[in-house]
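So this block is final_39.txt, compact mmCIF, C-alpha atoms:
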```txt
# COMPACT_ATOMS: atom_id res chain seq x y z
CA MET A 7 130.09 103.01 99.67
CA VAL A 8 130.51 102.39 103.41
CA THR A 9 127.73 103.37 105.84
CA GLU A 10 128.02 103.59 109.61
CA PHE A 11 126.76 100.66 111.72
CA THR A 12 123.94 102.10 113.87
CA PRO A 13 122.50 99.25 116.00
CA PHE A 14 120.88 101.50 118.63
CA ALA A 15 119.27 104.03 116.27
CA SER A 16 118.09 101.18 114.03
CA LEU A 17 116.66 99.18 116.92
CA PHE A 18 114.96 102.33 118.27
CA GLY A 19 113.52 103.08 114.82
CA GLY A 20 112.36 99.48 114.46
CA VAL A 21 110.55 99.61 117.81
CA LEU A 22 108.80 102.84 116.72
CA ILE A 23 107.75 101.17 113.44
CA GLY A 24 106.34 98.30 115.51
CA LEU A 25 104.52 100.68 117.88
CA ALA A 26 102.93 102.43 114.89
CA ALA A 27 101.81 99.06 113.46
CA VAL A 28 100.27 98.17 116.83
CA GLY A 29 98.70 101.64 117.10
CA LEU A 30 96.99 101.38 113.72
CA MET A 31 95.65 97.92 114.58
CA LEU A 32 94.34 99.22 117.92
CA LEU A 33 92.67 102.32 116.43
CA ARG A 34 91.53 101.15 112.98
CA GLY A 35 91.98 97.39 112.94
CA ARG A 36 94.21 97.64 109.88
CA ILE A 37 97.59 96.35 108.74
CA MET A 38 100.24 99.10 108.66
CA GLY A 39 101.48 98.58 105.12
CA ALA A 40 102.93 101.50 103.18
CA THR A 41 101.73 99.93 99.91
CA GLY A 42 98.15 99.60 101.14
CA VAL A 43 98.10 103.11 102.60
CA LEU A 44 99.37 104.67 99.38
CA ALA A 45 97.12 102.60 97.08
CA GLY A 46 94.12 103.54 99.21
CA VAL A 47 94.98 107.24 98.96
CA LEU A 48 95.25 106.98 95.16
CA LEU A 49 92.19 104.76 94.65
CA PRO A 50 89.95 105.30 97.69
CA ALA A 51 87.24 102.80 98.58
CA SER A 52 85.18 105.47 100.38
CA LEU A 53 85.57 109.03 101.70
CA GLN A 54 86.00 107.80 105.28
CA ASP A 55 88.61 105.32 104.16
CA TRP A 56 90.44 108.04 102.23
CA ILE A 57 90.49 110.47 105.19
CA TRP A 58 92.29 108.18 107.64
CA ARG A 59 94.84 107.12 105.02
CA VAL A 60 95.60 110.76 104.19
CA ALA A 61 95.93 111.53 107.92
CA LEU A 62 98.36 108.61 108.29
CA LEU A 63 100.38 109.70 105.24
CA CYS A 64 100.54 113.31 106.50
CA GLY A 65 101.89 111.96 109.79
CA MET A 66 104.51 109.84 107.99
CA VAL A 67 106.07 112.78 106.12
CA THR A 68 106.71 114.59 109.42
CA GLY A 69 109.29 111.86 110.24
CA PRO A 70 112.32 113.75 108.87
CA TRP A 71 111.25 116.89 110.77
CA VAL A 72 110.82 115.05 114.05
CA TYR A 73 114.32 113.68 113.43
CA PHE A 74 115.54 117.24 112.83
CA ALA A 75 113.86 118.51 116.00
CA VAL A 76 115.60 115.78 118.05
CA THR A 77 119.06 115.69 116.45
CA ARG A 78 119.31 119.21 114.91
CA GLU A 79 120.32 117.56 111.63
CA MET A 80 118.32 116.52 108.60
CA PRO A 81 118.48 112.77 107.94
CA VAL A 82 121.04 111.55 105.40
CA ILE A 83 119.44 110.33 102.16
CA ASP A 84 122.26 108.89 100.11
CA VAL A 85 121.00 107.52 96.78
CA PRO A 86 123.54 105.41 94.86
CA ALA A 87 121.12 104.99 91.90
CA GLY A 88 120.92 107.61 89.13
CA ILE A 89 117.62 109.18 88.05
CA LEU A 90 116.93 106.58 85.33
CA MET A 91 117.56 103.68 87.72
CA LEU A 92 115.36 105.36 90.36
CA MET A 93 112.53 105.48 87.81
CA VAL A 94 113.06 101.87 86.73
CA GLY A 95 113.33 100.75 90.36
CA GLY A 96 110.24 102.73 91.38
CA LEU A 97 108.18 101.25 88.54
CA LEU A 98 109.25 97.69 89.41
CA VAL A 99 108.50 98.29 93.10
CA GLY A 100 105.04 99.62 92.18
CA VAL A 101 104.26 96.63 89.94
CA GLY A 102 105.70 94.13 92.43
CA VAL A 103 103.97 95.36 95.58
CA THR A 104 100.62 95.55 93.76
CA LEU A 105 100.88 91.98 92.43
CA GLY A 106 102.39 90.74 95.70
CA SER A 107 99.84 92.60 97.89
CA GLY A 108 102.42 94.23 100.12
CA CYS A 109 105.95 95.35 100.89
CA THR A 110 108.45 95.39 103.74
CA SER A 111 106.06 96.96 106.25
CA GLY A 112 102.91 95.03 105.30
CA HIS A 113 104.40 91.58 104.74
CA GLY A 114 107.80 91.88 106.47
CA VAL A 115 106.55 93.38 109.74
CA CYS A 116 102.77 93.11 110.14
CA GLY A 117 102.17 89.88 108.19
CA MET A 118 105.08 88.00 109.74
CA ALA A 119 104.01 89.21 113.21
CA ARG A 120 100.62 87.59 112.44
CA LEU A 121 102.49 84.43 111.35
CA SER A 122 100.88 84.63 107.90
CA PRO A 123 102.35 81.99 105.56
CA ARG A 124 101.86 84.34 102.59
CA SER A 125 103.89 87.05 104.32
CA PHE A 126 106.73 84.64 105.17
CA ALA A 127 106.83 83.52 101.53
CA ALA A 128 106.65 87.10 100.22
CA THR A 129 109.35 88.39 102.60
CA GLY A 130 111.68 85.48 101.87
CA THR A 131 111.20 86.04 98.15
CA PHE A 132 111.82 89.79 98.09
CA MET A 133 114.80 89.62 100.48
CA LEU A 134 116.32 87.04 98.14
CA THR A 135 115.69 88.97 94.90
CA THR A 136 116.86 92.25 96.48
CA GLY A 137 120.11 90.56 97.54
CA LEU A 138 120.60 88.99 94.11
CA THR A 139 119.89 92.31 92.37
CA VAL A 140 122.41 94.16 94.56
CA TYR A 141 124.97 91.41 93.90
CA VAL A 142 124.47 91.56 90.13
CA LEU A 143 124.52 95.38 90.00
CA ARG A 144 127.57 95.84 92.25
CA HIS A 145 129.72 92.81 91.62
CA ILE A 146 128.88 91.63 88.09
CA LEU A 147 127.86 94.82 86.27
CA GLY A 148 130.02 96.99 88.54
CA ALA A 149 127.43 99.77 88.85
CA MET B 4 90.29 113.61 117.11
CA ARG B 5 90.22 110.28 115.25
CA SER B 6 92.16 111.74 112.36
CA PHE B 7 94.60 113.40 114.72
CA LEU B 8 95.38 110.12 116.51
CA THR B 9 95.81 108.42 113.11
CA PHE B 10 98.13 111.29 112.11
CA LEU B 11 100.17 110.63 115.28
CA VAL B 12 100.46 106.93 114.40
CA GLY B 13 101.78 108.00 110.99
CA ALA B 14 104.26 110.36 112.65
CA VAL B 15 105.55 107.54 114.89
CA PHE B 16 105.96 105.32 111.80
CA GLY B 17 107.74 108.06 109.81
CA THR B 18 110.02 108.92 112.73
CA GLY B 19 110.86 105.24 113.20
CA ILE B 20 111.67 104.84 109.52
CA VAL B 21 113.99 107.86 109.54
CA PHE B 22 115.83 106.87 112.76
CA SER B 23 116.13 103.28 111.57
CA GLY B 24 117.93 104.17 108.34
CA MET B 25 115.26 102.68 106.05
CA ALA B 26 114.86 106.08 104.34
CA ASN B 27 118.53 106.01 103.31
CA PRO B 28 119.07 103.85 100.19
CA ALA B 29 122.86 103.61 100.69
CA LYS B 30 122.25 101.94 104.06
CA VAL B 31 119.52 99.66 102.72
CA ILE B 32 121.64 98.48 99.80
CA ASN B 33 124.62 97.88 102.08
CA PHE B 34 122.52 95.54 104.21
CA PHE B 35 122.05 93.38 101.12
CA ASP B 36 125.64 93.73 99.87
CA ILE B 37 126.99 90.73 101.75
CA ALA B 38 129.82 90.33 99.24
CA GLY B 39 130.85 94.00 99.54
CA THR B 40 130.33 96.83 102.05
CA TRP B 41 127.94 94.79 104.23
CA GLU B 42 126.44 96.65 107.19
CA PRO B 43 123.93 94.82 109.42
CA SER B 44 121.89 97.73 110.93
CA LEU B 45 118.72 96.73 109.09
CA ALA B 46 118.57 93.43 110.97
CA PHE B 47 118.07 95.53 114.12
CA VAL B 48 115.22 97.44 112.44
CA MET B 49 113.48 94.23 111.42
CA GLY B 50 114.10 92.63 114.83
CA GLY B 51 112.83 95.61 116.81
CA ALA B 52 109.77 96.07 114.60
CA LEU B 53 108.86 92.37 114.53
CA VAL B 54 109.17 91.72 118.27
CA THR B 55 107.22 94.90 119.11
CA THR B 56 104.46 94.11 116.60
CA PHE B 57 104.27 90.42 117.57
CA ILE B 58 103.74 91.26 121.26
CA GLY B 59 101.57 94.34 120.61
CA TYR B 60 99.22 92.54 118.19
CA ARG B 61 98.61 89.81 120.78
CA LEU B 62 97.59 92.44 123.33
CA VAL B 63 95.37 94.30 120.80
CA PHE B 64 93.66 91.08 119.65
CA ARG B 65 92.39 90.51 123.20
CA ARG B 66 89.87 93.23 122.35
CA ALA B 67 86.71 92.31 120.47
CA ALA B 68 87.15 95.23 118.07
CA PRO B 69 89.46 98.19 117.34
CA VAL B 70 88.73 101.58 118.95
CA PHE B 71 87.35 103.42 115.91
CA GLU B 72 85.91 100.57 113.79
CA PRO B 73 83.31 97.86 114.40
CA LYS B 74 85.76 95.06 113.54
CA PHE B 75 89.35 94.14 112.67
CA ASP B 76 89.97 94.13 108.92
CA LEU B 77 92.62 91.46 108.36
CA PRO B 78 93.73 89.62 105.22
CA SER B 79 92.34 86.07 105.45
CA ASN B 80 93.95 84.59 102.33
CA ARG B 81 96.51 81.93 103.34
CA GLU B 82 97.13 80.44 99.88
CA LEU B 83 100.56 80.75 98.31
CA ASP B 84 100.14 81.56 94.63
CA LEU B 85 102.28 82.55 91.69
CA ARG B 86 101.08 86.16 91.77
CA LEU B 87 102.30 86.60 95.36
CA ILE B 88 105.71 85.10 94.66
CA ALA B 89 106.22 86.77 91.26
CA GLY B 90 105.08 90.14 92.62
CA SER B 91 107.35 89.91 95.66
CA GLY B 92 110.23 88.85 93.42
CA ILE B 93 109.70 91.89 91.15
CA PHE B 94 109.44 94.17 94.18
CA GLY B 95 112.82 92.92 95.39
CA VAL B 96 114.47 93.63 92.04
CA GLY B 97 113.15 97.22 92.15
CA TRP B 98 114.20 97.61 95.80
CA GLY B 99 117.71 96.42 94.96
CA ILE B 100 117.95 98.85 92.04
CA ALA B 101 116.56 101.96 93.75
CA GLY B 102 117.28 101.27 97.44
CA PHE B 103 113.86 102.62 98.46
CA CYS B 104 110.90 100.50 99.51
CA PRO B 105 107.46 102.19 99.83
CA GLY B 106 107.68 102.45 103.64
CA GLY B 107 111.14 104.00 103.39
CA ALA B 108 110.28 106.45 100.63
CA LEU B 109 106.95 107.86 101.87
CA PRO B 110 108.33 109.39 105.11
CA ALA B 111 111.39 110.61 103.14
CA LEU B 112 109.00 112.70 100.98
CA GLY B 113 108.94 115.10 103.94
CA THR B 114 112.45 116.28 103.00
CA LEU B 115 111.17 117.31 99.51
CA ASP B 116 114.33 115.67 98.11
CA SER B 117 113.86 115.53 94.32
CA ARG B 118 115.19 111.94 94.10
CA VAL B 119 112.55 110.76 96.57
CA ILE B 120 109.87 112.53 94.52
CA VAL B 121 111.11 110.85 91.32
CA PHE B 122 111.02 107.43 93.01
CA VAL B 123 107.53 107.94 94.46
CA ALA B 124 106.19 109.22 91.11
CA ALA B 125 107.50 106.04 89.43
CA LEU B 126 106.11 103.94 92.30
CA ILE B 127 102.64 105.50 91.87
CA THR B 128 102.81 104.93 88.10
CA GLY B 129 103.66 101.26 88.69
CA ILE B 130 100.82 100.81 91.20
CA LEU B 131 98.18 102.49 88.99
CA ALA B 132 99.30 100.72 85.80
CA THR B 133 99.24 97.31 87.49
CA ARG B 134 95.82 97.98 89.05
CA ALA B 135 94.48 99.01 85.63
CA VAL B 136 95.81 95.84 83.98
CA LEU B 137 94.45 93.63 86.80
CA GLU B 138 91.01 95.24 86.58
CA PHE B 139 90.97 95.02 82.79
CA SER B 140 91.86 91.33 82.79
CA ALA B 141 89.32 90.63 85.57
CA ALA B 142 86.60 92.41 83.58
CA LYS B 143 87.42 90.43 80.43
CA LYS B 144 87.12 87.09 82.19
CA PRO B 145 83.57 85.68 82.12
CA ALA B 146 82.16 85.44 85.66
```

Would you give me this structure, written as C-alpha cells?
Amino acid sequence: MVTEFTPFASLFGGVLIGLAAVGLMLLRGRIMGATGVLAGVLLPASLQDWIWRVALLCGMVTGPWVYFAVTREMPVIDVPAGILMLMVGGLLVGVGVTLGSGCTSGHGVCGMARLSPRSFAATGTFMLTTGLTVYVLRHILGA
Amino acid sequence: MRSFLTFLVGAVFGTGIVFSGMANPAKVINFFDIAGTWEPSLAFVMGGALVTTFIGYRLVFRRAAPVFEPKFDLPSNRELDLRLIAGSGIFGVGWGIAGFCPGGALPALGTLDSRVIVFVAALITGILATRAVLEFSAAKKPA
C-alpha cells in the first residue's frame, strides 16, 4: 500500500510534537511520553498527578479536530492490520512499553533529546524490531 | 488555569501527531518497509521533534524549576538492562504488527474510530497486566 510522501506536513507535525514536549517540561517538569501519561491516568500516584495527566490526554484527543478545522478534512487513518492483529499488536505494545519504560515519544523524542543512553538503546532496539516485524509480515508471510 | 495550559500542551501534541502522519498506521508501516513501499516522511517527524526538543530543553533547563512544580522530575537511571532492551524489542514487534504506537493512537482516539479504540483497549490491557505481574513479583521477593 503506497502512501504519499509528506515532508512538510511531517516536519511541521514533528516541530509541534517537540514544542509540546518542551511545553510540558517548562510547565510541569515532566517528560512528554504517551506511555507515562496513559499509565498515570490508569494508575494515578495522587489526585493532583491524575488531574494534569487527564488534562493533557483531553488536549491530545482534540488533535484530529484541530486538523479538521484547519484542512476541512478528517485525518486519514488507514489500518492495514485486521482486528485480531490490532489486539495482538496492542497487547505487545502495552507489555513492551511498560517493561521498557517508554515509547516513541518518551524515549525516541524526549529521552534522546536529553542524550539519555537508555533512550538511545531503547529507540535503536524498537526501530530495529519494528522494521524486522514489518519485513517478516510483508515479505515472508505476505500479510 | 494550570489545567487549561496543560490541556493546550496536549492539544499541540495531538495536532502535531495528526499532521505528522504518526496517527496513520499505513504511513508508519511504510516508513519501516524499506524492502517494499518505503516512504520516508517519518524521518522528518523524528528530525523536527528531536531538534525542537533538544534546543527547547536546553532553554528550559536554564530555569531552576518548572513553572507549576517545585522541581524537574527527570528519570535518573542510566543503566542499560535486559528489561529495557527486551521491553523495547517487544514494543517494536507490536508496533510493526499494529502500526500504532501509544503517542500515535491516543490523539487518534478523538476520531472515535473503532479500530483505534480496539488498539487502545488492548494497549491498556497490556500495560495493566504487566504492571500487575511486576508488582506481584516485586512483592514476592524478600526485601

Exercise for review: Can you check which residues of chain A have any atom within 6 Å of chain B? Use all atoms listed in the file and format it as a ChimeraX atom specification.
Suggested key: /A:8-9,11-13,15-17,19-24,26,28,32-36,40,58,61-62,65-69,83-85,87,92-93,95-106,115,119,124,128,131-132,135-137,139-140

**Study point:** Test item: residues at most 7 Å from A:Cys109, all atoms listed in the file, excluding those fewer than 5 positions along its chain, as a list in words
**Key:** Gly39, Thr41, Val103 and Gly114 of chain A

Point to revise | Selected residue of minimal separation from A:Gly112 among A:Val142, A:Leu25, A:Val43, A:Leu48, counting all atoms listed in the file | key: A:Val43

Check your understanding: Please, what distance in Å, to one decimal, runs between atom CA of A:Gly29 and atom CA of A:Trp71?
Key -> 20.7 Å

**Study point:** Exercise: A:Ala27 partners within 7 Å, all atoms listed in the file, chain neighbours under 6 positions left out, as a PyMOL selection string
**Key:** (chain A and resi 37-38+116) or (chain B and resi 56)

Exercise for review: Please indicate the distance in Å from atom CA of A:Cys64 to atom CA of A:Ser125, rounded to one decimal place.
Suggested key: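 Atom CA of A:Cys64 sits 26.6 Å away from atom CA of A:Ser125.
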